[in-house]
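Enquirer: Handing over entry-v3.csv, CSV, C-alpha atoms.
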```csv
chain,number,residue,atom,x,y,z
A,1,MET,CA,0.0,0.0,0.0
A,2,HIS,CA,2.9,2.4,0.5
A,3,GLU,CA,3.4,2.3,-3.3
A,4,LEU,CA,0.9,5.2,-3.5
A,5,GLY,CA,3.2,7.7,-1.8
A,6,ILE,CA,6.2,6.2,-3.6
A,7,THR,CA,4.5,6.7,-7.0
A,8,GLU,CA,3.7,10.3,-6.1
A,9,SER,CA,7.4,10.8,-5.3
A,10,ILE,CA,8.4,9.2,-8.6
A,11,ILE,CA,6.0,11.5,-10.6
A,12,ASN,CA,7.4,14.6,-8.7
A,13,ILE,CA,11.0,13.7,-9.5
A,14,VAL,CA,10.5,13.0,-13.2
A,15,SER,CA,8.1,16.0,-13.8
A,16,ASN,CA,10.7,18.4,-12.2
A,17,LYS,CA,13.4,16.9,-14.4
A,18,ALA,CA,11.3,17.1,-17.5
A,19,ARG,CA,10.5,20.8,-16.8
A,20,GLU,CA,14.1,21.6,-16.2
A,21,ALA,CA,14.9,20.1,-19.6
A,22,GLN,CA,12.0,21.9,-21.1
A,23,ALA,CA,10.6,18.7,-22.4
A,24,SER,CA,6.8,18.6,-22.8
A,25,LYS,CA,6.3,14.9,-22.6
A,26,ILE,CA,8.0,12.0,-20.8
A,27,VAL,CA,7.9,8.8,-22.9
A,28,LYS,CA,9.6,6.4,-20.6
A,29,ILE,CA,10.7,6.2,-17.0
A,30,ASN,CA,13.5,3.8,-16.1
A,31,LEU,CA,13.2,2.7,-12.5
A,32,VAL,CA,15.6,0.4,-10.5
A,33,VAL,CA,13.8,-1.6,-7.9
A,34,GLY,CA,15.5,-4.0,-5.5
A,35,GLU,CA,13.9,-7.3,-4.6
A,36,LEU,CA,14.2,-6.4,-0.9
A,37,ALA,CA,12.9,-2.9,-1.1
A,38,GLY,CA,9.4,-4.0,-0.5
A,39,PHE,CA,7.9,-2.2,-3.4
A,40,VAL,CA,5.7,-4.0,-5.9
A,41,PRO,CA,6.1,-2.8,-9.5
A,42,ASP,CA,2.5,-3.8,-10.4
A,43,CYS,CA,1.2,-1.6,-7.6
A,44,ILE,CA,3.4,1.3,-8.7
A,45,GLU,CA,2.0,0.8,-12.2
A,46,PHE,CA,-1.6,0.7,-10.9
A,47,TYR,CA,-1.3,4.0,-9.0
A,48,PHE,CA,0.8,5.6,-11.8
A,49,ASP,CA,-2.0,5.4,-14.3
A,50,SER,CA,-4.3,7.6,-12.3
A,51,LEU,CA,-1.7,9.8,-10.5
A,52,SER,CA,0.2,10.8,-13.6
A,53,LYS,CA,-2.9,12.3,-15.4
A,54,GLY,CA,-2.3,15.9,-16.2
A,55,THR,CA,1.5,15.7,-15.5
A,56,PRO,CA,4.3,15.5,-18.1
A,57,ALA,CA,4.5,11.8,-17.1
A,58,GLU,CA,1.0,11.0,-18.3
A,59,GLU,CA,1.0,7.9,-20.5
A,60,ALA,CA,4.8,7.3,-20.0
A,61,ILE,CA,5.9,3.7,-20.0
A,62,LEU,CA,7.3,2.5,-16.7
A,63,ASN,CA,10.4,0.3,-17.3
A,64,PHE,CA,11.4,-1.6,-14.1
A,65,GLN,CA,14.9,-3.0,-13.8
A,66,LEU,CA,14.7,-5.5,-11.0
A,67,VAL,CA,17.7,-6.0,-8.8
A,68,PRO,CA,17.8,-9.4,-7.0
A,69,ALA,CA,18.7,-9.7,-3.3
A,70,GLN,CA,22.5,-9.9,-2.9
A,71,LEU,CA,24.2,-11.0,0.3
A,72,ARG,CA,27.8,-10.9,1.5
A,73,CYS,CA,29.1,-13.5,3.8
A,74,ARG,CA,30.7,-12.1,6.9
A,75,ASN,CA,32.9,-15.2,7.2
A,76,CYS,CA,34.4,-15.7,3.8
A,77,SER,CA,33.3,-12.4,2.0
A,78,ALA,CA,31.6,-14.4,-0.8
A,79,VAL,CA,28.8,-12.3,-2.5
A,80,PHE,CA,25.9,-14.3,-3.8
A,81,CYS,CA,22.2,-14.1,-4.6
A,82,PRO,CA,20.2,-16.3,-2.2
A,83,GLN,CA,18.2,-19.0,-3.8
A,84,ASP,CA,15.8,-19.8,-1.0
A,85,THR,CA,14.4,-18.3,2.1
A,86,LEU,CA,16.8,-19.8,4.5
A,87,TRP,CA,19.8,-17.7,3.8
A,88,SER,CA,23.3,-19.3,4.0
A,89,CYS,CA,26.6,-18.9,2.2
A,90,PRO,CA,27.0,-21.3,-0.7
A,91,LYS,CA,30.8,-21.4,-0.2
A,92,CYS,CA,31.2,-21.9,3.6
A,93,GLN,CA,27.6,-22.4,4.7
A,94,SER,CA,27.8,-19.6,7.2
A,95,HIS,CA,24.5,-17.8,8.1
A,96,SER,CA,26.2,-14.6,9.1
A,97,LEU,CA,25.4,-12.4,6.2
A,98,GLU,CA,25.0,-8.8,5.4
A,99,ILE,CA,22.7,-7.3,2.7
A,100,ALA,CA,24.9,-6.1,-0.2
A,101,GLY,CA,22.2,-5.3,-2.7
A,102,GLY,CA,18.5,-5.4,-3.5
A,103,ARG,CA,17.3,-2.5,-1.4
A,104,GLU,CA,17.5,0.0,-4.2
A,105,LEU,CA,14.6,2.2,-5.3
A,106,TYR,CA,15.6,4.9,-7.6
A,107,VAL,CA,14.7,6.7,-10.8
A,108,GLU,CA,17.6,5.9,-13.2
A,109,SER,CA,16.6,8.0,-16.2
A,110,ILE,CA,13.8,9.3,-18.3
A,111,GLU,CA,13.3,9.5,-22.0
A,112,VAL,CA,11.6,12.7,-23.1
A,113,GLU,CA,10.2,14.4,-26.2
B,1,MET,CA,13.8,11.5,-28.2
B,2,LYS,CA,16.3,12.5,-25.5
B,3,ARG,CA,17.5,10.5,-22.5
B,4,ILE,CA,18.0,12.3,-19.2
B,5,GLU,CA,20.0,10.6,-16.6
B,6,ILE,CA,18.6,11.1,-13.1
B,7,ILE,CA,19.8,8.5,-10.5
B,8,GLN,CA,17.7,9.8,-7.7
B,9,ASN,CA,16.6,7.7,-4.7
B,10,VAL,CA,12.8,7.8,-4.5
B,11,LEU,CA,13.0,7.8,-0.7
B,12,ASP,CA,15.4,10.9,-0.7
B,13,ALA,CA,12.5,13.3,0.2
B,14,ASN,CA,11.5,11.2,3.2
B,15,GLU,CA,15.1,10.7,4.3
B,16,SER,CA,15.9,14.4,4.2
B,17,ILE,CA,12.8,15.3,6.3
B,18,ALA,CA,13.8,12.5,8.7
B,19,ALA,CA,17.2,14.0,9.1
B,20,GLN,CA,15.6,17.4,9.7
B,21,ASN,CA,13.3,15.8,12.4
B,22,GLN,CA,16.4,14.4,14.1
B,23,ARG,CA,18.2,17.7,14.1
B,24,LEU,CA,15.1,19.4,15.6
B,25,LEU,CA,14.8,16.7,18.3
B,26,ASP,CA,18.6,16.9,19.0
B,27,SER,CA,18.5,20.7,19.4
B,28,HIS,CA,15.9,20.2,22.2
B,29,ASN,CA,17.6,17.2,23.7
B,30,VAL,CA,14.7,14.8,22.9
B,31,PHE,CA,15.5,11.2,22.4
B,32,ALA,CA,13.1,9.4,20.0
B,33,ILE,CA,12.3,5.7,19.5
B,34,ASN,CA,10.2,4.3,16.7
B,35,ILE,CA,8.3,1.2,17.7
B,36,MET,CA,7.3,-1.2,15.0
B,37,SER,CA,5.6,-4.6,14.9
B,38,SER,CA,2.8,-6.5,13.3
B,39,PRO,CA,-0.7,-5.7,14.7
B,40,GLY,CA,-1.3,-7.1,18.1
B,41,ALA,CA,2.3,-7.8,19.1
B,42,GLY,CA,2.1,-5.3,22.0
B,43,LYS,CA,3.3,-1.9,20.9
B,44,THR,CA,0.8,0.0,23.0
B,45,SER,CA,1.3,-2.4,25.9
B,46,LEU,CA,5.0,-1.9,25.9
B,47,ILE,CA,4.5,1.9,25.8
B,48,LEU,CA,2.1,1.7,28.8
B,49,GLN,CA,4.6,-0.4,30.7
B,50,THR,CA,7.4,2.0,29.8
B,51,LEU,CA,5.3,5.0,30.9
B,52,SER,CA,4.4,3.4,34.2
B,53,LYS,CA,8.1,2.5,34.9
B,54,LEU,CA,9.7,5.8,33.7
B,55,LYS,CA,7.2,8.6,33.9
B,56,LYS,CA,8.5,9.7,37.3
B,57,ARG,CA,12.0,10.0,35.9
B,58,LEU,CA,11.3,11.3,32.4
B,59,SER,CA,8.9,13.5,30.6
B,60,ILE,CA,7.5,11.2,27.9
B,61,ALA,CA,5.5,12.2,24.8
B,62,VAL,CA,3.9,9.6,22.6
B,63,ILE,CA,2.9,9.9,18.9
B,64,GLU,CA,0.3,7.2,18.0
B,65,GLY,CA,0.1,6.2,14.4
B,66,ASP,CA,-3.0,4.2,13.4
B,67,VAL,CA,-4.9,3.6,10.2
B,68,ALA,CA,-8.1,4.5,12.0
B,69,SER,CA,-9.4,5.3,15.5
B,70,THR,CA,-7.9,7.0,18.5
B,71,LEU,CA,-8.1,4.0,20.7
B,72,ASP,CA,-4.4,3.8,21.5
B,73,ALA,CA,-4.1,7.5,22.2
B,74,GLU,CA,-7.0,7.2,24.7
B,75,LYS,CA,-5.1,4.4,26.4
B,76,VAL,CA,-1.9,6.3,26.9
B,77,LYS,CA,-3.2,9.8,27.4
B,78,ASN,CA,-3.4,9.6,31.2
B,79,GLU,CA,0.1,8.3,31.5
B,80,ALA,CA,2.0,10.4,29.0
B,81,PHE,CA,3.1,14.0,29.3
B,82,ALA,CA,1.6,14.6,25.8
B,83,VAL,CA,0.0,12.5,23.1
B,84,VAL,CA,-0.4,13.2,19.4
B,85,GLN,CA,-2.6,10.9,17.3
B,86,ILE,CA,-1.9,10.5,13.6
B,87,THR,CA,-4.6,8.8,11.7
B,88,THR,CA,-3.3,7.7,8.4
B,89,ARG,CA,-6.5,6.5,6.8
B,90,TYR,CA,-6.9,9.7,4.6
B,91,MET,CA,-3.2,10.0,3.8
B,92,SER,CA,-1.5,8.6,0.8
B,93,GLU,CA,1.0,6.7,2.9
B,94,ASN,CA,-1.8,5.0,4.9
B,95,CYS,CA,0.0,1.9,5.9
B,96,SER,CA,2.9,3.4,7.8
B,97,LEU,CA,4.1,6.7,9.3
B,98,ILE,CA,6.4,8.8,7.1
B,99,ALA,CA,8.8,11.6,8.2
B,100,ASN,CA,6.5,14.4,7.1
B,101,MET,CA,3.8,13.3,9.5
B,102,ILE,CA,6.3,13.3,12.4
B,103,ASN,CA,7.5,16.7,11.3
B,104,ARG,CA,4.1,18.2,11.7
B,105,ALA,CA,3.5,16.4,15.0
B,106,ILE,CA,6.7,17.5,16.6
B,107,GLN,CA,6.2,21.1,15.6
B,108,ASN,CA,3.1,21.0,17.9
B,109,LEU,CA,4.9,19.5,20.9
B,110,PRO,CA,6.6,21.4,23.7
B,111,LEU,CA,10.0,19.8,22.9
B,112,ASP,CA,11.9,21.7,25.6
B,113,ASP,CA,9.8,19.9,28.2
B,114,ILE,CA,10.2,16.4,26.7
B,115,ASP,CA,13.0,13.9,27.4
B,116,LEU,CA,11.7,10.9,25.4
B,117,LEU,CA,9.4,10.7,22.4
B,118,ILE,CA,7.9,7.3,21.7
B,119,ILE,CA,6.5,6.9,18.2
B,120,GLU,CA,4.1,4.0,17.8
B,121,ASN,CA,4.1,3.1,14.2
B,122,VAL,CA,1.2,1.5,12.3
B,123,GLY,CA,1.1,-2.3,12.8
B,124,ASN,CA,3.0,-3.6,9.8
B,125,LEU,CA,6.3,-5.4,9.2
B,126,ILE,CA,6.9,-4.3,5.6
B,127,CYS,CA,6.1,-0.7,5.0
B,128,PRO,CA,7.9,0.9,8.0
B,129,SER,CA,11.2,-0.9,7.3
B,130,GLU,CA,12.4,1.5,4.6
B,131,LEU,CA,10.9,4.7,6.0
B,132,LEU,CA,13.0,6.6,8.5
B,133,LEU,CA,11.2,9.1,10.7
B,134,GLY,CA,14.1,10.9,12.5
B,135,GLU,CA,14.2,8.4,15.4
B,136,HIS,CA,17.4,7.7,17.3
B,137,LYS,CA,16.6,4.0,17.8
B,138,ARG,CA,14.4,1.6,15.9
B,139,ILE,CA,12.6,-1.0,18.0
B,140,VAL,CA,10.8,-4.1,16.6
B,141,ILE,CA,8.5,-6.1,18.8
B,142,SER,CA,7.7,-9.8,18.0
B,143,SER,CA,5.3,-11.8,20.2
B,144,LEU,CA,5.3,-15.5,20.8
B,145,PRO,CA,1.9,-16.3,19.4
B,146,GLU,CA,3.0,-14.9,16.0
B,147,GLY,CA,5.6,-17.7,15.6
B,148,ASP,CA,9.3,-17.6,15.3
B,149,ASP,CA,9.5,-17.4,11.5
B,150,LYS,CA,8.9,-13.6,11.2
B,151,PRO,CA,12.6,-12.7,10.7
B,152,ILE,CA,12.8,-15.2,7.8
B,153,LYS,CA,9.6,-13.8,6.2
B,154,TYR,CA,10.3,-10.1,6.9
B,155,PRO,CA,14.1,-9.8,7.1
B,156,MET,CA,14.4,-6.1,6.3
B,157,ILE,CA,12.6,-4.8,9.4
B,158,PHE,CA,14.8,-7.0,11.7
B,159,ALA,CA,18.0,-6.1,9.8
B,160,GLY,CA,17.4,-2.5,10.6
B,161,ALA,CA,16.4,-2.8,14.2
B,162,ASP,CA,18.5,-1.5,17.1
B,163,ALA,CA,16.6,-3.7,19.5
B,164,VAL,CA,14.1,-6.5,19.3
B,165,VAL,CA,11.6,-7.0,22.1
B,166,ILE,CA,10.2,-10.5,22.4
B,167,ASN,CA,6.8,-10.0,24.0
B,168,LYS,CA,4.4,-12.4,25.6
B,169,ILE,CA,7.3,-14.5,26.8
B,170,ASP,CA,4.9,-16.0,29.4
B,171,PHE,CA,3.3,-17.9,26.5
B,172,LEU,CA,6.5,-20.0,26.2
B,173,PRO,CA,5.1,-23.2,27.7
B,174,TYR,CA,2.1,-23.1,25.4
B,175,VAL,CA,3.6,-22.3,21.9
B,176,ASP,CA,6.3,-23.7,19.7
B,177,PHE,CA,8.5,-20.7,19.6
B,178,ASP,CA,12.2,-21.4,19.4
B,179,VAL,CA,13.7,-18.3,21.0
B,180,PRO,CA,17.4,-19.2,20.3
B,181,SER,CA,16.6,-19.9,16.6
B,182,PHE,CA,14.5,-16.7,16.3
B,183,GLN,CA,17.4,-14.7,17.8
B,184,ASN,CA,20.1,-16.4,15.7
B,185,THR,CA,18.2,-15.6,12.5
B,186,ILE,CA,18.3,-11.9,13.4
B,187,ILE,CA,21.9,-11.9,14.7
B,188,ASN,CA,23.0,-13.4,11.4
B,189,LEU,CA,21.8,-10.3,9.6
B,190,ASN,CA,22.2,-7.8,12.4
B,191,PRO,CA,25.1,-8.7,14.8
B,192,THR,CA,24.8,-5.7,17.0
B,193,VAL,CA,21.0,-6.0,17.8
B,194,LYS,CA,19.9,-6.1,21.4
B,195,PHE,CA,17.2,-8.5,22.6
B,196,PHE,CA,14.7,-8.1,25.4
B,197,GLN,CA,12.4,-10.9,26.5
B,198,VAL,CA,9.4,-9.4,28.2
B,199,SER,CA,5.8,-9.9,29.1
B,200,CYS,CA,3.7,-6.8,29.2
B,201,LYS,CA,1.1,-8.8,31.0
B,202,THR,CA,3.2,-9.9,34.0
B,203,SER,CA,5.9,-7.1,33.7
B,204,ILE,CA,8.7,-9.7,33.4
B,205,GLY,CA,11.7,-8.2,31.6
B,206,ILE,CA,10.4,-4.6,31.6
B,207,GLU,CA,13.0,-3.5,34.1
B,208,ASN,CA,15.8,-4.6,31.7
B,209,TRP,CA,14.2,-2.9,28.7
B,210,CYS,CA,13.8,0.3,30.7
B,211,SER,CA,17.4,0.3,32.0
B,212,TRP,CA,18.6,-0.1,28.4
B,213,LEU,CA,16.4,2.8,27.3
B,214,LEU,CA,17.6,5.0,30.1
B,215,ASN,CA,21.2,4.2,29.3
B,216,GLU,CA,20.6,5.0,25.6
B,217,ILE,CA,19.0,8.3,26.4
B,218,LYS,CA,22.0,9.2,28.7
B,219,THR,CA,24.5,8.2,26.0
B,220,ASN,CA,22.7,10.4,23.5
B,221,GLN,CA,22.8,13.5,25.6
B,222,PRO,CA,25.5,16.0,24.7
B,223,ALA,CA,28.4,16.2,27.2
B,224,LYS,CA,27.8,19.1,29.6
```
What is this file in structure tokens?

Expert:
Amino acid sequence: MHELGITESIINIVSNKAREAQASKIVKINLVVGELAGFVPDCIEFYFDSLSKGTPAEEAILNFQLVPAQLRCRNCSAVFCPQDTLWSCPKCQSHSLEIAGGRELYVESIEVE
Amino acid sequence: MKRIEIIQNVLDANESIAAQNQRLLDSHNVFAINIMSSPGAGKTSLILQTLSKLKKRLSIAVIEGDVASTLDAEKVKNEAFAVVQITTRYMSENCSLIANMINRAIQNLPLDDIDLLIIENVGNLICPSELLLGEHKRIVISSLPEGDDKPIKYPMIFAGADAVVINKIDFLPYVDFDVPSFQNTIINLNPTVKFFQVSCKTSIGIENWCSWLLNEIKTNQPAK
């Protein structure tokens, strides 16, 4: 449900950039979304359709680049993408891990006319 | 067609307001904690226990976040120095508190007269995990009837917690909750986390939780 506020932020960011660039229409928005960020692209898409009406982002295509969860082993420093819910290092089987990637949520770029 | 590179974190706006909130709280020497859990884990009960234990030593304000109703604010209003209710039902971020809501709430509190601000977040283990409010410590409550698998299902909220309070510990004889395995799952992701085993019903463990809190408040105060 928090995708509603997030979608508003995305529209604000891209609309401001489009205005700065004196572009009248945003054709495509490239977003990077991490698997662990807790944001569901379908939900963002759903809210985007109604929230973008009347903004330069209206009818823009949302392109999601999904970043998988990435963990770093605190024992042997191996970096890997976990394959199941019980996280362990594939090299040394340690469970002591830190999150190395997959929390991202950012606007990478826009394509404008 | 022209491509414009942006690379802007969508949560930047929230994070900058959260940092602003923390500066405001620091300038008035107010220590803030953000209490998060699933619905029914005992956020309000822990706050009531904390108030009853510490209200003679500290001036405590509470911000209550709820999707609807003022039930929780009613429960704490007689014990706390000040209570602000935030009802998120009509807001766009209706599943969790965001920094902007806290910003408005703290503008209306007499911060010079407050030592501790307790923020009770909306009951939810997903949305609050990425949304900073300006708090000094992030507290997650898990209760025994919920089961010990919550850190596996919702790793992010536990990975970002400064302390995890295991509530309803008096249920231990009646439920299959493996406390060491629960704690280990969290330590694996978050080695510096503190644990407190409490029962808000019987008051077991509340003393430990409150001494830790007092110590954190003391540590945060600027040297005189």

Enquirer: Around (12.3, -14.5, 8.6), as given in the file, which residues come within 12 Å? Count all atoms listed in the file and list them as a PDB file with C-alpha atoms, in the frame of the given file.

Expert:
```pdb
ATOM      1  CA  ASP A  84      15.800 -19.800  -1.000  1.00  0.00           C
ATOM      2  CA  THR A  85      14.400 -18.300   2.100  1.00  0.00           C
ATOM      3  CA  LEU A  86      16.800 -19.800   4.500  1.00  0.00           C
ATOM      4  CA  TRP A  87      19.800 -17.700   3.800  1.00  0.00           C
TER       5      TRP A  87
ATOM      6  CA  LEU B 125       6.300  -5.400   9.200  1.00  0.00           C
ATOM      7  CA  ILE B 126       6.900  -4.300   5.600  1.00  0.00           C
ATOM      8  CA  SER B 142       7.700  -9.800  18.000  1.00  0.00           C
ATOM      9  CA  GLU B 146       3.000 -14.900  16.000  1.00  0.00           C
ATOM     10  CA  GLY B 147       5.600 -17.700  15.600  1.00  0.00           C
ATOM     11  CA  ASP B 148       9.300 -17.600  15.300  1.00  0.00           C
ATOM     12  CA  ASP B 149       9.500 -17.400  11.500  1.00  0.00           C
ATOM     13  CA  LYS B 150       8.900 -13.600  11.200  1.00  0.00           C
ATOM     14  CA  PRO B 151      12.600 -12.700  10.700  1.00  0.00           C
ATOM     15  CA  ILE B 152      12.800 -15.200   7.800  1.00  0.00           C
ATOM     16  CA  LYS B 153       9.600 -13.800   6.200  1.00  0.00           C
ATOM     17  CA  TYR B 154      10.300 -10.100   6.900  1.00  0.00           C
ATOM     18  CA  PRO B 155      14.100  -9.800   7.100  1.00  0.00           C
ATOM     19  CA  MET B 156      14.400  -6.100   6.300  1.00  0.00           C
ATOM     20  CA  ILE B 157      12.600  -4.800   9.400  1.00  0.00           C
ATOM     21  CA  PHE B 158      14.800  -7.000  11.700  1.00  0.00           C
ATOM     22  CA  ALA B 159      18.000  -6.100   9.800  1.00  0.00           C
ATOM     23  CA  SER B 181      16.600 -19.900  16.600  1.00  0.00           C
ATOM     24  CA  PHE B 182      14.500 -16.700  16.300  1.00  0.00           C
ATOM     25  CA  GLN B 183      17.400 -14.700  17.800  1.00  0.00           C
ATOM     26  CA  ASN B 184      20.100 -16.400  15.700  1.00  0.00           C
ATOM     27  CA  THR B 185      18.200 -15.600  12.500  1.00  0.00           C
ATOM     28  CA  ILE B 186      18.300 -11.900  13.400  1.00  0.00           C
ATOM     29  CA  ILE B 187      21.900 -11.900  14.700  1.00  0.00           C
ATOM     30  CA  ASN B 188      23.000 -13.400  11.400  1.00  0.00           C
ATOM     31  CA  LEU B 189      21.800 -10.300   9.600  1.00  0.00           C
TER      32      LEU B 189
END
```

Enquirer: Between A:Cys73, A:Cys92, A:Leu97, A:Leu31, which one has atoms that come closest to A:Ile6, using all atoms listed in the file?

Expert: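 Using all atoms listed in the file, the shortest distance to A:Ile6 belongs to A:Leu31.
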
Enquirer: Taking only residues of chain A that have an atom at most 8 Å from an atom of chain B, what is each one's shortest atom pair and its distance in Å to one decimal, using only C-alpha atoms, in chain and number order, as JSON lines?

Expert:
```
{"residue": "A:Met1", "atom": "CA", "partner": "B:Cys95", "partner_atom": "CA", "distance": 6.2}
{"residue": "A:His2", "atom": "CA", "partner": "B:Glu93", "partner_atom": "CA", "distance": 5.3}
{"residue": "A:Glu3", "atom": "CA", "partner": "B:Glu93", "partner_atom": "CA", "distance": 8.0}
{"residue": "A:Leu4", "atom": "CA", "partner": "B:Ser92", "partner_atom": "CA", "distance": 6.0}
{"residue": "A:Gly5", "atom": "CA", "partner": "B:Glu93", "partner_atom": "CA", "distance": 5.3}
{"residue": "A:Ile6", "atom": "CA", "partner": "B:Val10", "partner_atom": "CA", "distance": 6.9}
{"residue": "A:Ser9", "atom": "CA", "partner": "B:Val10", "partner_atom": "CA", "distance": 6.2}
{"residue": "A:Ile10", "atom": "CA", "partner": "B:Val10", "partner_atom": "CA", "distance": 6.2}
{"residue": "A:Ile13", "atom": "CA", "partner": "B:Val10", "partner_atom": "CA", "distance": 7.9}
{"residue": "A:Lys17", "atom": "CA", "partner": "B:Ile6", "partner_atom": "CA", "distance": 7.9}
{"residue": "A:Leu36", "atom": "CA", "partner": "B:Met156", "partner_atom": "CA", "distance": 7.2}
{"residue": "A:Ala37", "atom": "CA", "partner": "B:Glu130", "partner_atom": "CA", "distance": 7.2}
{"residue": "A:Gly38", "atom": "CA", "partner": "B:Ile126", "partner_atom": "CA", "distance": 6.6}
{"residue": "A:Thr85", "atom": "CA", "partner": "B:Ile152", "partner_atom": "CA", "distance": 6.7}
{"residue": "A:Leu86", "atom": "CA", "partner": "B:Ile152", "partner_atom": "CA", "distance": 6.9}
{"residue": "A:His95", "atom": "CA", "partner": "B:Asn188", "partner_atom": "CA", "distance": 5.7}
{"residue": "A:Ser96", "atom": "CA", "partner": "B:Asn188", "partner_atom": "CA", "distance": 4.1}
{"residue": "A:Leu97", "atom": "CA", "partner": "B:Leu189", "partner_atom": "CA", "distance": 5.4}
{"residue": "A:Glu98", "atom": "CA", "partner": "B:Leu189", "partner_atom": "CA", "distance": 5.5}
{"residue": "A:Ile99", "atom": "CA", "partner": "B:Leu189", "partner_atom": "CA", "distance": 7.6}
{"residue": "A:Glu104", "atom": "CA", "partner": "B:Asn9", "partner_atom": "CA", "distance": 7.8}
{"residue": "A:Leu105", "atom": "CA", "partner": "B:Asn9", "partner_atom": "CA", "distance": 5.9}
{"residue": "A:Tyr106", "atom": "CA", "partner": "B:Asn9", "partner_atom": "CA", "distance": 4.2}
{"residue": "A:Val107", "atom": "CA", "partner": "B:Gln8", "partner_atom": "CA", "distance": 5.3}
{"residue": "A:Glu108", "atom": "CA", "partner": "B:Ile7", "partner_atom": "CA", "distance": 4.3}
{"residue": "A:Ser109", "atom": "CA", "partner": "B:Glu5", "partner_atom": "CA", "distance": 4.3}
{"residue": "A:Ile110", "atom": "CA", "partner": "B:Ile4", "partner_atom": "CA", "distance": 5.2}
{"residue": "A:Glu111", "atom": "CA", "partner": "B:Arg3", "partner_atom": "CA", "distance": 4.3}
{"residue": "A:Val112", "atom": "CA", "partner": "B:Lys2", "partner_atom": "CA", "distance": 5.3}
{"residue": "A:Glu113", "atom": "CA", "partner": "B:Met1", "partner_atom": "CA", "distance": 5.0}
```

Enquirer: Determine, counting all atoms listed in the file, which protein, DNA and RNA residues have an atom within 10 Å of an atom of A:Cys89; residues of the same chain fewer than 6 positions away are not included. Present the result as a VMD selection string.

Expert: chain A and resid 71 to 82 95 to 97

Enquirer: Quote the spacing between atom CA of B:Phe196 and atom CA of B:Ala41 in Å to one decimal place.

Expert: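 Distance reported for this atom pair: 13.9 Å.
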
Enquirer: Enter the distance from atom CA of B:Ile86 to atom CA of B:Ile47, in Å, rounded to one decimal.

Expert: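 According to the coordinates, atom CA of B:Ile86 and atom CA of B:Ile47 are separated by 16.2 Å.
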
Enquirer: Compile the contact shell of B:Leu116 as a count of residues only: residues with an atom at most 12 Å away, counting only C-alpha atoms, same-chain residues fewer than 4 positions apart removed.

Expert: 38

Enquirer: B:Cys200: which residues within 12 Å, counting only C-alpha atoms, same-chain residues fewer than 4 positions away excluded, as a list in words?

Expert: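 Skipping anything fewer than 4 positions along the chain leaves Ala41, Gly42, Lys43, Thr44, Ser45, Leu46, Ile47, Leu48, Gln49, Thr50, Ser52, Lys53, Ile141, Ser143, Val165, Ile166, Asn167, Lys168, Ile169, Asp170, Phe171, Phe196, Ile204, Gly205, Ile206, Glu207 and Trp209 of chain B.
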
Enquirer: Give me, please, the distance in Å between atom CA of A:Pro90 and atom CA of A:Glu35, quoted to one decimal.

Expert: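 If I compute the distance from atom CA of A:Pro90 to atom CA of A:Glu35, I get 19.6 Å.
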
Enquirer: For B:Val193, list every protein, DNA or RNA residue within 7 Å, evaluated using only C-alpha atoms, and leave out those in the same chain fewer than 6 positions away; present the list as a list in words.

Expert: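 Within the cut-off, the hits are Ala161, Asp162, Ala163 and Ile187 of chain B.
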
Enquirer: Could you pull out every residue with an atom within 8 Å of (1.5, 15.0, -21.8), file coordinates, counting only C-alpha atoms, and send them as a PyMOL selection string?

Expert: chain A and resi 24-26+54-59

Enquirer: For each of A:Glu20, A:Phe46, A:Lys53, A:Val33, take the minimum atom-to-atom distance to A:Val67, counting all atoms listed in the file, then give the residue where this is smallest.

Expert: A:Val33

Enquirer: Writing C-alpha atoms and nothing else, produce stretch 6-34 of chain A as a CSV table (one decimal), in the first residue's frame.

Expert:
```csv
chain,number,residue,atom,x,y,z
A,6,ILE,CA,6.2,6.2,-3.6
A,7,THR,CA,4.5,6.7,-7.0
A,8,GLU,CA,3.7,10.3,-6.1
A,9,SER,CA,7.4,10.8,-5.3
A,10,ILE,CA,8.4,9.2,-8.6
A,11,ILE,CA,6.0,11.5,-10.6
A,12,ASN,CA,7.4,14.6,-8.7
A,13,ILE,CA,11.0,13.7,-9.5
A,14,VAL,CA,10.5,13.0,-13.2
A,15,SER,CA,8.1,16.0,-13.8
A,16,ASN,CA,10.7,18.4,-12.2
A,17,LYS,CA,13.4,16.9,-14.4
A,18,ALA,CA,11.3,17.1,-17.5
A,19,ARG,CA,10.5,20.8,-16.8
A,20,GLU,CA,14.1,21.6,-16.2
A,21,ALA,CA,14.9,20.1,-19.6
A,22,GLN,CA,12.0,21.9,-21.1
A,23,ALA,CA,10.6,18.7,-22.4
A,24,SER,CA,6.8,18.6,-22.8
A,25,LYS,CA,6.3,14.9,-22.6
A,26,ILE,CA,8.0,12.0,-20.8
A,27,VAL,CA,7.9,8.8,-22.9
A,28,LYS,CA,9.6,6.4,-20.6
A,29,ILE,CA,10.7,6.2,-17.0
A,30,ASN,CA,13.5,3.8,-16.1
A,31,LEU,CA,13.2,2.7,-12.5
A,32,VAL,CA,15.6,0.4,-10.5
A,33,VAL,CA,13.8,-1.6,-7.9
A,34,GLY,CA,15.5,-4.0,-5.5
```
